[in-house]
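The file target.txt contains compact mmCIF, C-alpha atoms and all ligand atoms:
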```txt
# COMPACT_ATOMS: atom_id res chain seq x y z
CA MET R 8 -33.80 -12.42 7.20
CA SER R 9 -31.31 -9.82 8.41
CA PRO R 10 -28.01 -9.79 6.53
CA ILE R 11 -25.16 -11.99 7.68
CA PRO R 12 -22.26 -10.03 9.20
CA LEU R 13 -19.30 -10.36 6.81
CA LEU R 14 -16.12 -9.71 8.76
CA TYR R 15 -13.42 -8.20 6.58
CA SER R 16 -10.11 -6.40 6.98
CA PRO R 17 -7.97 -4.81 4.24
CA ASP R 18 -4.91 -6.08 6.17
CA HIS R 19 -4.92 -9.29 4.13
CA LYS R 20 -3.42 -7.25 1.26
CA LEU R 21 -0.22 -6.92 3.30
CA HIS R 22 0.50 -10.54 2.36
CA ASP R 23 1.04 -10.88 -1.38
CA PRO R 24 3.78 -13.38 -2.30
CA PRO R 25 4.70 -13.41 -6.00
CA PHE R 26 5.05 -17.12 -6.56
CA GLU R 27 4.90 -20.68 -5.33
CA HIS R 28 6.52 -23.91 -6.46
CA GLU R 29 4.89 -26.72 -8.38
CA ASN R 30 6.85 -29.73 -9.57
CA GLY R 31 10.05 -27.72 -9.52
CA LEU R 32 8.54 -24.87 -11.51
CA THR R 33 7.86 -21.36 -10.31
CA VAL R 34 4.20 -20.45 -10.79
CA PRO R 35 2.09 -17.48 -9.63
CA PHE R 36 1.01 -17.64 -5.98
CA ARG R 37 -2.48 -19.13 -6.00
CA GLU R 38 -3.58 -17.88 -2.59
CA SER R 39 -4.07 -14.38 -4.02
CA LEU R 40 -5.55 -11.10 -2.80
CA ALA R 41 -8.20 -11.34 -5.48
CA ARG R 42 -9.72 -14.44 -3.86
CA ILE R 43 -11.04 -12.44 -0.93
CA GLU R 44 -11.87 -9.30 -2.88
CA THR R 45 -13.99 -11.18 -5.40
CA ILE R 46 -16.02 -12.86 -2.65
CA ARG R 47 -16.35 -9.55 -0.87
CA SER R 48 -17.64 -7.62 -3.86
CA ARG R 49 -20.03 -10.34 -5.02
CA LEU R 50 -21.54 -10.78 -1.56
CA SER R 51 -21.88 -7.05 -1.06
CA ARG R 52 -23.85 -6.81 -4.33
CA SER R 53 -26.01 -9.79 -3.29
CA GLY R 54 -27.44 -8.01 -0.26
CA LEU R 55 -27.07 -11.25 1.71
CA THR R 56 -24.30 -9.89 3.90
CA GLN R 57 -23.37 -6.70 5.67
CA GLU R 58 -19.67 -5.91 5.83
CA ILE R 59 -18.10 -5.13 9.18
CA GLN R 60 -14.45 -4.18 9.69
CA PRO R 61 -14.00 -5.07 13.35
CA ALA R 62 -11.31 -3.71 15.64
CA SER R 63 -9.09 -6.61 16.65
CA SER R 64 -9.18 -7.72 20.26
CA LEU R 65 -6.87 -10.70 19.82
CA THR R 66 -3.80 -10.56 22.07
CA LEU R 67 -0.65 -12.62 21.82
CA ALA R 68 -1.55 -14.17 25.16
CA GLU R 69 -4.83 -15.41 23.72
CA LEU R 70 -3.05 -16.72 20.60
CA ALA R 71 -0.75 -18.67 22.90
CA ARG R 72 -3.75 -20.76 23.92
CA THR R 73 -3.73 -22.14 20.37
CA HIS R 74 -0.11 -21.93 19.18
CA SER R 75 3.21 -22.49 20.92
CA PRO R 76 4.92 -19.35 22.23
CA ALA R 77 8.08 -20.45 20.39
CA MET R 78 6.34 -20.51 17.01
CA LEU R 79 4.68 -17.17 17.74
CA GLU R 80 8.10 -15.69 18.55
CA PHE R 81 9.43 -17.02 15.27
CA PHE R 82 6.50 -15.42 13.42
CA GLN R 83 7.24 -12.06 15.01
CA SER R 84 10.90 -12.34 14.05
CA THR R 85 9.98 -12.58 10.37
CA ALA R 86 8.83 -8.97 10.15
CA VAL R 87 12.31 -7.77 9.12
CA LEU R 88 13.54 -10.59 6.91
CA GLY R 89 11.91 -10.17 3.53
CA LYS R 90 13.75 -7.09 2.30
CA PRO R 91 17.15 -8.57 1.35
CA PHE R 92 15.49 -11.11 -0.93
CA HIS R 93 12.69 -10.56 -3.44
CA GLY R 94 10.36 -9.47 -0.68
CA TYR R 95 9.49 -12.98 0.51
CA VAL R 96 11.51 -15.75 2.07
CA TYR R 97 10.76 -19.43 1.57
CA PRO R 98 11.81 -22.36 3.72
CA GLU R 99 14.97 -24.15 2.69
CA VAL R 100 15.59 -27.11 4.98
CA PHE R 101 12.97 -28.99 6.96
CA LEU R 102 13.48 -30.63 10.33
CA THR R 103 13.03 -34.34 9.86
CA ARG R 104 13.69 -37.21 12.23
CA SER R 105 17.41 -37.29 11.56
CA GLY R 106 17.82 -33.59 12.42
CA ARG R 107 16.30 -33.60 15.89
CA PHE R 108 19.42 -32.37 17.69
CA ALA R 109 20.32 -29.58 15.32
CA GLN R 110 18.57 -26.53 16.69
CA SER R 111 19.83 -22.98 16.49
CA ASN R 112 18.38 -19.50 16.37
CA HIS R 113 19.30 -19.10 12.72
CA PHE R 114 16.25 -17.98 10.76
CA ALA R 115 16.40 -20.89 8.31
CA ASN R 116 16.72 -23.35 11.17
CA GLN R 117 13.69 -21.90 12.96
CA TYR R 118 11.66 -21.84 9.73
CA GLY R 119 12.41 -25.48 9.03
CA GLN R 120 11.39 -26.50 12.54
CA TYR R 121 7.84 -25.20 12.26
CA CYS R 122 7.04 -25.18 8.55
CA PHE R 123 6.17 -28.42 6.78
CA ASP R 124 5.95 -27.38 3.13
CA LEU R 125 6.80 -24.74 0.51
CA TYR R 126 3.43 -22.95 0.46
CA SER R 127 3.82 -20.47 3.31
CA PRO R 128 6.47 -17.85 2.52
CA PHE R 129 7.10 -14.80 4.68
CA GLY R 130 7.25 -11.16 3.69
CA ASN R 131 7.78 -8.30 6.12
CA SER R 132 4.03 -7.95 6.66
CA THR R 133 2.92 -11.58 6.48
CA TRP R 134 2.79 -11.80 10.25
CA ALA R 135 0.64 -8.66 10.43
CA ALA R 136 -1.77 -10.10 7.86
CA ALA R 137 -1.99 -13.46 9.63
CA TYR R 138 -2.55 -11.84 13.01
CA SER R 139 -5.32 -9.69 11.56
CA SER R 140 -6.92 -12.72 9.88
CA ALA R 141 -7.07 -14.60 13.18
CA GLY R 142 -8.51 -11.43 14.70
CA LEU R 143 -11.43 -11.61 12.25
CA ALA R 144 -12.25 -15.14 13.37
CA ALA R 145 -12.03 -14.05 17.01
CA ALA R 146 -14.37 -11.12 16.28
CA GLY R 147 -16.74 -13.58 14.63
CA ALA R 148 -16.75 -15.64 17.83
CA ASP R 149 -17.63 -12.49 19.77
CA LEU R 150 -20.61 -11.85 17.51
CA LEU R 151 -21.87 -15.36 18.16
CA LEU R 152 -21.34 -14.88 21.90
CA SER R 153 -23.52 -11.76 21.75
CA ARG R 154 -26.26 -14.05 20.43
CA GLU R 155 -27.57 -11.41 18.09
CA ASN R 156 -26.53 -13.19 14.90
CA PRO R 157 -27.20 -16.88 14.24
CA VAL R 158 -24.73 -16.93 11.32
CA VAL R 159 -21.48 -14.96 10.93
CA TYR R 160 -19.00 -15.12 8.03
CA ALA R 161 -15.33 -14.26 8.70
CA LEU R 162 -13.57 -13.53 5.41
CA THR R 163 -10.20 -14.70 6.64
CA ARG R 164 -6.99 -14.53 4.60
CA PRO R 165 -4.43 -15.99 4.91
CA PRO R 166 -6.37 -19.19 5.63
CA GLY R 167 -5.72 -21.23 8.76
CA HIS R 168 -6.68 -24.91 8.85
CA HIS R 169 -3.21 -26.30 8.04
CA ALA R 170 -1.63 -24.47 11.02
CA GLY R 171 -1.19 -26.64 14.11
CA PRO R 172 0.03 -25.92 17.65
CA ASP R 173 3.65 -25.57 16.50
CA THR R 174 3.53 -26.33 12.80
CA PHE R 175 2.32 -24.43 9.74
CA GLY R 176 2.10 -24.74 5.97
CA GLY R 177 -0.39 -24.89 3.11
CA TYR R 178 -0.76 -21.07 2.84
CA CYS R 179 -1.64 -21.00 6.56
CA TYR R 180 0.17 -19.43 9.54
CA LEU R 181 -2.36 -19.11 12.39
CA ASN R 182 -5.38 -21.38 12.76
CA ASN R 183 -8.20 -18.86 12.53
CA ALA R 184 -11.01 -21.35 13.20
CA ALA R 185 -9.19 -22.79 16.21
CA VAL R 186 -8.72 -19.33 17.71
CA ALA R 187 -12.46 -18.76 17.33
CA ALA R 188 -13.25 -22.15 18.87
CA ARG R 189 -11.13 -21.39 21.93
CA ARG R 190 -12.96 -18.09 22.35
CA LEU R 191 -16.31 -19.90 22.14
CA THR R 192 -15.63 -22.66 24.69
CA PRO R 193 -17.33 -20.69 27.51
CA LEU R 194 -20.56 -21.57 25.69
CA GLY R 195 -19.91 -25.30 26.08
CA ARG R 196 -18.79 -27.94 23.62
CA ILE R 197 -17.81 -26.71 20.16
CA ALA R 198 -17.84 -28.59 16.85
CA ILE R 199 -15.66 -27.70 13.88
CA LEU R 200 -16.80 -28.94 10.47
CA ASP R 201 -14.07 -28.44 7.86
CA LEU R 202 -15.31 -28.45 4.26
CA ASP R 203 -12.10 -27.41 2.51
CA TYR R 204 -10.94 -29.83 -0.21
CA HIS R 205 -7.81 -30.57 1.87
CA HIS R 206 -7.72 -32.20 5.28
CA GLY R 207 -7.67 -29.72 8.18
CA ASN R 208 -4.57 -31.23 9.72
CA GLY R 209 -3.72 -28.21 11.87
CA THR R 210 -7.15 -28.05 13.46
CA GLN R 211 -7.08 -31.79 14.09
CA ALA R 212 -3.71 -31.48 15.84
CA ILE R 213 -4.78 -28.53 18.00
CA PHE R 214 -7.85 -30.29 19.41
CA TRP R 215 -6.55 -33.87 19.21
CA ASP R 216 -6.68 -34.42 22.96
CA ASP R 217 -9.43 -31.92 23.80
CA PRO R 218 -12.76 -33.56 24.70
CA GLN R 219 -14.58 -30.21 24.51
CA VAL R 220 -14.03 -29.72 20.78
CA LEU R 221 -15.17 -32.11 18.07
CA THR R 222 -13.19 -31.78 14.85
CA VAL R 223 -14.73 -33.15 11.65
CA SER R 224 -13.16 -32.85 8.22
CA ILE R 225 -14.51 -33.93 4.83
CA HIS R 226 -11.71 -33.89 2.26
CA VAL R 227 -9.94 -35.66 -0.54
CA ASP R 228 -8.31 -38.94 0.50
CA PRO R 229 -4.82 -37.97 1.72
CA ALA R 230 -3.49 -41.17 0.18
CA CYS R 231 -4.06 -39.38 -3.16
CA ASP R 232 -3.49 -35.71 -2.44
CA TYR R 233 -2.13 -33.02 -0.12
CA PRO R 234 -1.45 -33.06 2.87
CA TYR R 235 -0.64 -36.80 2.53
CA TYR R 236 0.42 -37.46 6.15
CA TRP R 237 -2.86 -36.67 7.89
CA GLY R 238 -6.57 -37.02 7.32
CA TYR R 239 -7.12 -40.79 7.38
CA ALA R 240 -10.30 -42.31 8.83
CA HIS R 241 -8.42 -44.13 11.59
CA GLU R 242 -7.37 -40.82 13.20
CA THR R 243 -10.08 -40.48 15.85
CA GLY R 244 -8.65 -38.43 18.73
CA GLY R 245 -6.16 -38.65 21.58
CA LEU R 246 -6.20 -40.64 24.82
CA HIS R 247 -8.16 -37.96 26.67
CA ALA R 248 -10.56 -37.33 23.82
CA PRO R 249 -11.31 -40.59 22.05
CA GLY R 250 -13.86 -40.26 19.28
CA THR R 251 -13.64 -36.46 19.05
CA ASN R 252 -11.95 -36.39 15.65
CA LEU R 253 -13.79 -37.58 12.56
CA ASN R 254 -12.10 -37.73 9.17
CA VAL R 255 -14.21 -38.43 6.12
CA PRO R 256 -11.79 -38.93 3.22
CA LEU R 257 -13.42 -39.06 -0.21
CA PRO R 258 -11.89 -40.38 -3.43
CA PRO R 259 -10.88 -38.24 -6.41
CA GLY R 260 -13.89 -37.88 -8.68
CA THR R 261 -16.37 -37.34 -5.83
CA ALA R 262 -19.56 -35.68 -7.09
CA LEU R 263 -22.44 -33.98 -5.30
CA GLU R 264 -24.42 -37.09 -4.34
CA GLU R 265 -21.50 -38.75 -2.54
CA TYR R 266 -20.45 -35.44 -1.05
CA LEU R 267 -23.91 -34.82 0.46
CA ALA R 268 -23.95 -38.36 1.90
CA ALA R 269 -20.63 -37.61 3.63
CA LEU R 270 -21.99 -34.30 4.86
CA LYS R 271 -25.05 -35.97 6.38
CA HIS R 272 -22.81 -38.51 8.10
CA ALA R 273 -20.74 -35.63 9.52
CA LEU R 274 -23.85 -33.76 10.67
CA HIS R 275 -25.08 -36.84 12.54
CA ALA R 276 -21.79 -37.03 14.42
CA ILE R 277 -22.08 -33.34 15.30
CA ASP R 278 -25.66 -33.89 16.46
CA ARG R 279 -24.56 -36.66 18.80
CA PHE R 280 -21.83 -34.42 20.26
CA GLN R 281 -24.43 -31.77 21.16
CA PRO R 282 -22.24 -28.71 20.71
CA ALA R 283 -23.26 -25.17 21.68
CA ALA R 284 -21.91 -23.73 18.42
CA VAL R 285 -20.47 -24.90 15.12
CA ILE R 286 -17.49 -23.45 13.29
CA LEU R 287 -17.34 -24.08 9.56
CA PRO R 288 -13.92 -23.72 7.92
CA LEU R 289 -15.18 -23.41 4.35
CA GLY R 290 -13.00 -23.95 1.28
CA PHE R 291 -14.25 -23.64 -2.28
CA ASP R 292 -11.42 -25.79 -3.61
CA THR R 293 -13.89 -28.71 -3.88
CA PHE R 294 -15.19 -26.95 -7.03
CA ILE R 295 -14.83 -28.86 -10.30
CA ASN R 296 -12.80 -26.09 -11.94
CA ASP R 297 -10.53 -25.38 -8.99
CA PRO R 298 -6.89 -25.86 -10.04
CA PHE R 299 -6.26 -28.23 -7.10
CA SER R 300 -9.57 -30.10 -7.09
CA THR R 301 -10.26 -33.62 -8.26
CA PHE R 302 -13.87 -33.39 -7.04
CA LYS R 303 -16.76 -32.78 -9.40
CA LEU R 304 -18.86 -30.22 -7.55
CA GLU R 305 -20.55 -27.75 -9.91
CA SER R 306 -21.38 -24.22 -8.80
CA GLU R 307 -24.99 -25.19 -7.93
CA ALA R 308 -23.65 -27.83 -5.53
CA TYR R 309 -22.83 -25.12 -3.00
CA ALA R 310 -26.51 -24.20 -2.66
CA HIS R 311 -27.27 -27.84 -1.83
CA ILE R 312 -24.41 -27.95 0.68
CA GLY R 313 -25.66 -24.72 2.27
CA ALA R 314 -29.20 -26.12 2.41
CA CYS R 315 -27.92 -29.28 4.08
CA LEU R 316 -26.32 -27.12 6.77
CA ARG R 317 -29.69 -25.67 7.68
CA ALA R 318 -29.91 -28.77 9.88
CA VAL R 319 -27.33 -27.09 12.12
CA ASP R 320 -29.78 -25.42 14.45
CA MET R 321 -27.27 -23.46 16.51
CA PRO R 322 -24.86 -20.51 16.16
CA LEU R 323 -22.68 -20.95 13.06
CA LEU R 324 -19.39 -19.22 12.29
CA ILE R 325 -18.16 -19.58 8.70
CA VAL R 326 -14.39 -19.12 8.40
CA GLN R 327 -12.90 -18.78 4.91
CA GLU R 328 -10.27 -21.36 3.98
CA GLY R 329 -9.17 -22.25 0.43
CA GLY R 330 -10.65 -21.93 -3.05
CA TYR R 331 -8.52 -20.97 -6.04
CA ALA R 332 -10.87 -20.72 -9.02
CA THR R 333 -10.67 -17.02 -8.33
CA ARG R 334 -13.23 -15.72 -10.81
CA LYS R 335 -15.89 -18.14 -9.56
CA LEU R 336 -15.42 -17.71 -5.82
CA GLY R 337 -18.04 -14.99 -5.45
CA LEU R 338 -20.64 -17.12 -7.19
CA LEU R 339 -19.81 -20.15 -5.05
CA ALA R 340 -20.04 -18.15 -1.83
CA GLU R 341 -23.34 -16.58 -2.91
CA ASN R 342 -24.80 -19.97 -3.83
CA PHE R 343 -23.69 -21.38 -0.50
CA LEU R 344 -25.34 -18.58 1.47
CA LYS R 345 -28.52 -18.77 -0.62
CA GLY R 346 -28.81 -22.46 0.21
CA LEU R 347 -28.09 -21.81 3.88
CA LEU R 348 -30.64 -18.99 4.08
CA GLN R 349 -33.13 -20.74 1.80
CA VAL R 350 -33.25 -17.81 -0.58
CA SER R 351 -34.98 -19.03 -3.70
CA GLY R 352 -33.52 -18.65 -7.17
CA LEU R 353 -29.86 -19.27 -7.77
CA PRO R 354 -27.83 -16.38 -9.12
CA SER R 355 -26.68 -16.40 -12.68
CA GLN R 356 -23.10 -17.27 -13.58
CA GLY R 357 -20.32 -14.74 -13.88
C1 LIG C 1 -5.92 -23.63 2.60
C2 LIG C 1 -5.56 -24.52 1.46
O1 LIG C 1 -6.41 -24.85 0.64
N1 LIG C 1 -4.29 -24.88 1.33
C3 LIG C 1 -3.88 -25.75 0.29
C4 LIG C 1 -2.41 -25.76 0.20
C5 LIG C 1 -1.87 -26.85 -0.65
N2 LIG C 1 -2.06 -26.62 -2.00
C6 LIG C 1 -1.12 -27.27 -2.84
C7 LIG C 1 -1.45 -28.67 -3.18
C8 LIG C 1 -0.53 -29.09 -4.25
C9 LIG C 1 -0.73 -30.46 -4.70
N3 LIG C 1 0.13 -30.64 -5.83
C10 LIG C 1 0.12 -31.92 -6.42
C11 LIG C 1 1.10 -31.93 -7.54
C12 LIG C 1 1.47 -33.31 -7.85
N4 LIG C 1 2.41 -33.36 -8.89
ZN ZN C 2 -7.67 -26.43 0.58
```

Translate the structure described by the file into structure tokens.
Ligand code: SP5
Ligand code: ZN
Amino acid sequence: MSPIPLLYSPDHKLHDPPFEHENGLTVPFRESLARIETIRSRLSRSGLTQEIQPASSLTLAELARTHSPAMLEFFQSTAVLGKPFHGYVYPEVFLTRSGRFAQSNHFANQYGQYCFDLYSPFGNSTWAAAYSSAGLAAAGADLLLSRENPVVYALTRPPGHHAGPDTFGGYCYLNNAAVAARRLTPLGRIAILDLDYHHGNGTQAIFWDDPQVLTVSIHVDPACDYPYYWGYAHETGGLHAPGTNLNVPLPPGTALEEYLAALKHALHAIDRFQPAAVILPLGFDTFINDPFSTFKLESEAYAHIGACLRAVDMPLLIVQEGGYATRKLGLLAENFLKGLLQVSGLPSQG
């Protein structure tokens, strides 16, 4: 088995907010640089992957096929704002139904129109990092298009699946997986299977009315956990694309057996859709020791999940989403790939 291309860019380090908010308290920012670097170093030692630092070919015009030009303009305007504060700005006021008519070019007003939560602050280089991250996913799509690699892993950071056409939040700015999907549509129908602990609300919104892209997400029941407003089973696609969105919400406490049953259900739906390629937004925040998780997946579970995905007999692009048990992320990624590649013998802990 030739090594899996691992697409990486050091640009993610340009985005390094100091803190986030939790129940009114200021806590260290969980979506840290170390997340990506620990996966990178563990996988490089495993010999399962070969790192590539691709040149980005992603233009703003191509991004505008996924995100609104107005939100992209706002993102670009943030490159000069961080300095007067502590390096990062956070949203202050959110546009809700009662504020529909109040629109100005003031930075705070723009921020509150697109951002839906407190988890996506901006520093001067956040936009650069996000643009580069989406570029990795696009480069991953190119590798699949070349048909030389059946599996590609884009080590994207910041993550992307909470970013919609003109909304963002949840540590996300640009929807990396969606950008890759749009680049892959010349191949035919595309399926996106989101395995992050949280619902992929942004991806769902982007392809809601698109019959060419099936979006599937397995996640914690949004009635119990973030992002609360999206991710319910009755959300099944828009008027022009009925049945092309599948949400599989699972209750807190979900363990491997129930998780694998949900995964098999999702894989059947993908099979029926007959896509030409599958994109896998992969979060390790389903792990039992993840600070956000209520699921009970042990580290070995990821080998079983990877093995289950062997049933996907078509080009597969893995796109990194969440996962915040930083010291374990390398192990979880290695277990996942070992299951996917059917490499025998799970690695030891640590
Ligand atoms: C990509 C990704 O995994 N984004 C996740 C972003 C949201 N994370 C914060 C969830 C916080 C839930 N807090 C519940 C506290 C209740 N008191
Ligand atoms: Zn998540």

Neighbouring residues of ligand ZN 2 (chain C) are defined here as those with any atom at most 7 Å from a ligand atom, counting all atoms listed in the file; list them as a list in words. Asp203, Tyr204, His205, Gly290, Asp292, Glu328, Gly329 and Gly330 of chain R

Residues within 8 Å of R:Asp173, please, as a list of chain:residue names. Count all atoms listed in the file; anything in the same chain fewer than 2 positions from it doesn't count.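 Selected residues are R:His74, R:Ser75, R:Ala77, R:Met78, R:Tyr121, R:Ala170, R:Gly171, R:Phe175.
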
Per-residue nearest contacts of chain R to ligand LIG 1 (chain C) (10 Å; all atoms listed in the file) as JSON lines:
```
{"residue": "R:Glu27", "atom": "CA", "partner": "C:LIG1", "partner_atom": "C6", "distance": 9.3}
{"residue": "R:His28", "atom": "CA", "partner": "C:LIG1", "partner_atom": "C8", "distance": 9.0}
{"residue": "R:Glu29", "atom": "CA", "partner": "C:LIG1", "partner_atom": "C11", "distance": 6.5}
{"residue": "R:Asn30", "atom": "CA", "partner": "C:LIG1", "partner_atom": "N4", "distance": 5.8}
{"residue": "R:Gly31", "atom": "CA", "partner": "C:LIG1", "partner_atom": "N4", "distance": 9.5}
{"residue": "R:Arg37", "atom": "CA", "partner": "C:LIG1", "partner_atom": "N2", "distance": 8.5}
{"residue": "R:Glu38", "atom": "CA", "partner": "C:LIG1", "partner_atom": "C2", "distance": 8.0}
{"residue": "R:Asp124", "atom": "CA", "partner": "C:LIG1", "partner_atom": "C5", "distance": 8.7}
{"residue": "R:Leu125", "atom": "CA", "partner": "C:LIG1", "partner_atom": "C6", "distance": 9.0}
{"residue": "R:Tyr126", "atom": "CA", "partner": "C:LIG1", "partner_atom": "C4", "distance": 6.5}
{"residue": "R:Ser127", "atom": "CA", "partner": "C:LIG1", "partner_atom": "C4", "distance": 8.7}
{"residue": "R:Arg164", "atom": "CA", "partner": "C:LIG1", "partner_atom": "C1", "distance": 9.4}
{"residue": "R:Pro165", "atom": "CA", "partner": "C:LIG1", "partner_atom": "C1", "distance": 8.1}
{"residue": "R:Pro166", "atom": "CA", "partner": "C:LIG1", "partner_atom": "C1", "distance": 5.4}
{"residue": "R:Gly167", "atom": "CA", "partner": "C:LIG1", "partner_atom": "C1", "distance": 6.6}
{"residue": "R:His168", "atom": "CA", "partner": "C:LIG1", "partner_atom": "C1", "distance": 6.4}
{"residue": "R:His169", "atom": "CA", "partner": "C:LIG1", "partner_atom": "C1", "distance": 6.6}
{"residue": "R:Ala170", "atom": "CA", "partner": "C:LIG1", "partner_atom": "C1", "distance": 9.5}
{"residue": "R:Gly176", "atom": "CA", "partner": "C:LIG1", "partner_atom": "C4", "distance": 7.4}
{"residue": "R:Gly177", "atom": "CA", "partner": "C:LIG1", "partner_atom": "C4", "distance": 3.6}
{"residue": "R:Tyr178", "atom": "CA", "partner": "C:LIG1", "partner_atom": "N1", "distance": 5.4}
{"residue": "R:Cys179", "atom": "CA", "partner": "C:LIG1", "partner_atom": "C1", "distance": 6.4}
{"residue": "R:Asp203", "atom": "CA", "partner": "C:LIG1", "partner_atom": "O1", "distance": 6.5}
{"residue": "R:Tyr204", "atom": "CA", "partner": "C:LIG1", "partner_atom": "O1", "distance": 6.8}
{"residue": "R:His205", "atom": "CA", "partner": "C:LIG1", "partner_atom": "O1", "distance": 6.0}
{"residue": "R:His206", "atom": "CA", "partner": "C:LIG1", "partner_atom": "O1", "distance": 8.8}
{"residue": "R:Gly207", "atom": "CA", "partner": "C:LIG1", "partner_atom": "C1", "distance": 8.4}
{"residue": "R:Cys231", "atom": "CA", "partner": "C:LIG1", "partner_atom": "C10", "distance": 9.2}
{"residue": "R:Asp232", "atom": "CA", "partner": "C:LIG1", "partner_atom": "C9", "distance": 6.3}
{"residue": "R:Tyr233", "atom": "CA", "partner": "C:LIG1", "partner_atom": "C7", "distance": 5.4}
{"residue": "R:Pro234", "atom": "CA", "partner": "C:LIG1", "partner_atom": "C5", "distance": 7.2}
{"residue": "R:Tyr235", "atom": "CA", "partner": "C:LIG1", "partner_atom": "C9", "distance": 9.6}
{"residue": "R:Pro288", "atom": "CA", "partner": "C:LIG1", "partner_atom": "C1", "distance": 9.6}
{"residue": "R:Leu289", "atom": "CA", "partner": "C:LIG1", "partner_atom": "C1", "distance": 9.4}
{"residue": "R:Gly290", "atom": "CA", "partner": "C:LIG1", "partner_atom": "O1", "distance": 6.7}
{"residue": "R:Phe291", "atom": "CA", "partner": "C:LIG1", "partner_atom": "O1", "distance": 8.5}
{"residue": "R:Asp292", "atom": "CA", "partner": "C:LIG1", "partner_atom": "O1", "distance": 6.6}
{"residue": "R:Thr293", "atom": "CA", "partner": "C:LIG1", "partner_atom": "O1", "distance": 9.6}
{"residue": "R:Pro298", "atom": "CA", "partner": "C:LIG1", "partner_atom": "C8", "distance": 9.2}
{"residue": "R:Phe299", "atom": "CA", "partner": "C:LIG1", "partner_atom": "C7", "distance": 6.2}
{"residue": "R:Ser300", "atom": "CA", "partner": "C:LIG1", "partner_atom": "C7", "distance": 9.1}
{"residue": "R:Gln327", "atom": "CA", "partner": "C:LIG1", "partner_atom": "C1", "distance": 8.8}
{"residue": "R:Glu328", "atom": "CA", "partner": "C:LIG1", "partner_atom": "C1", "distance": 5.1}
{"residue": "R:Gly329", "atom": "CA", "partner": "C:LIG1", "partner_atom": "O1", "distance": 3.8}
{"residue": "R:Gly330", "atom": "CA", "partner": "C:LIG1", "partner_atom": "O1", "distance": 6.3}
{"residue": "R:Tyr331", "atom": "CA", "partner": "C:LIG1", "partner_atom": "O1", "distance": 8.0}
```

Counting all atoms listed in the file, which of R:Leu55, R:Cys122, R:Ala230, R:Leu263 gets nearest to R:Pro172? R:Cys122

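Look at everything within 9 Å of (3.9, -9.7, 9.2) using all atoms listed in the file, and the residues you get are Leu21, His22, Phe82, Gln83, Ser84, Thr85, Ala86, Val87, Phe129, Gly130, Asn131, Ser132, Thr133, Trp134, Ala135, Ala136, Ala137 and Tyr138 of chain R.
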
With distances taken over all atoms listed in the file, which residue among R:Thr243, R:Ser351, R:Ser139, R:Thr163 lies nearest R:Ala314? R:Ser351

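We find atom CA of R:Pro259 and atom CA of R:Val227 to be spaced 6.5 Å apart.
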
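If you measure from each of R:Leu14, R:Val34, R:Leu246, R:Ala262 to R:Trp215 using only C-alpha atoms, the closest one turns out to be R:Leu246.
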
Measuring atom to atom with all atoms listed in the file, identify which of R:Leu50, R:Val100, R:Ala188, R:Ala141 is nearest to R:Ala62.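 Answer, going by the shortest atom-to-atom distance: R:Ala141.
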
Can you measure atom CA of R:Ala184 to atom CA of R:Ile286 for me? One decimal in Å is fine.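 It comes out at 6.8 Å.
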
Please rebuild stretch 26-33 of chain R with N, CA, C and O atoms and return the result as a JSON list (two decimals), keeping the file's coordinate frame.
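Contents of selection05.json, freshly written:
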```
[["chain", "number", "residue", "atom", "x", "y", "z"],
["R", 26, "PHE", "N", 5.07, -15.82, -5.92],
["R", 26, "PHE", "CA", 5.05, -17.12, -6.56],
["R", 26, "PHE", "C", 5.04, -18.27, -5.57],
["R", 26, "PHE", "O", 5.26, -18.08, -4.38],
["R", 27, "GLU", "N", 4.75, -19.44, -6.07],
["R", 27, "GLU", "CA", 4.90, -20.68, -5.33],
["R", 27, "GLU", "C", 5.58, -21.70, -6.24],
["R", 27, "GLU", "O", 5.89, -21.39, -7.40],
["R", 28, "HIS", "N", 5.80, -22.89, -5.71],
["R", 28, "HIS", "CA", 6.52, -23.91, -6.46],
["R", 28, "HIS", "C", 5.60, -25.07, -6.78],
["R", 28, "HIS", "O", 4.82, -25.50, -5.95],
["R", 29, "GLU", "N", 5.71, -25.58, -7.98],
["R", 29, "GLU", "CA", 4.89, -26.72, -8.38],
["R", 29, "GLU", "C", 5.74, -27.61, -9.28],
["R", 29, "GLU", "O", 6.13, -27.19, -10.38],
["R", 30, "ASN", "N", 6.02, -28.80, -8.80],
["R", 30, "ASN", "CA", 6.85, -29.73, -9.57],
["R", 30, "ASN", "C", 8.14, -29.10, -10.05],
["R", 30, "ASN", "O", 8.55, -29.29, -11.20],
["R", 31, "GLY", "N", 8.77, -28.32, -9.18],
["R", 31, "GLY", "CA", 10.05, -27.72, -9.52],
["R", 31, "GLY", "C", 9.94, -26.47, -10.37],
["R", 31, "GLY", "O", 10.95, -25.85, -10.70],
["R", 32, "LEU", "N", 8.73, -26.08, -10.73],
["R", 32, "LEU", "CA", 8.54, -24.87, -11.51],
["R", 32, "LEU", "C", 8.05, -23.75, -10.61],
["R", 32, "LEU", "O", 7.40, -23.99, -9.59],
["R", 33, "THR", "N", 8.35, -22.54, -11.01],
["R", 33, "THR", "CA", 7.86, -21.36, -10.31],
["R", 33, "THR", "C", 6.58, -20.90, -10.99],
["R", 33, "THR", "O", 6.59, -20.65, -12.20]]
```
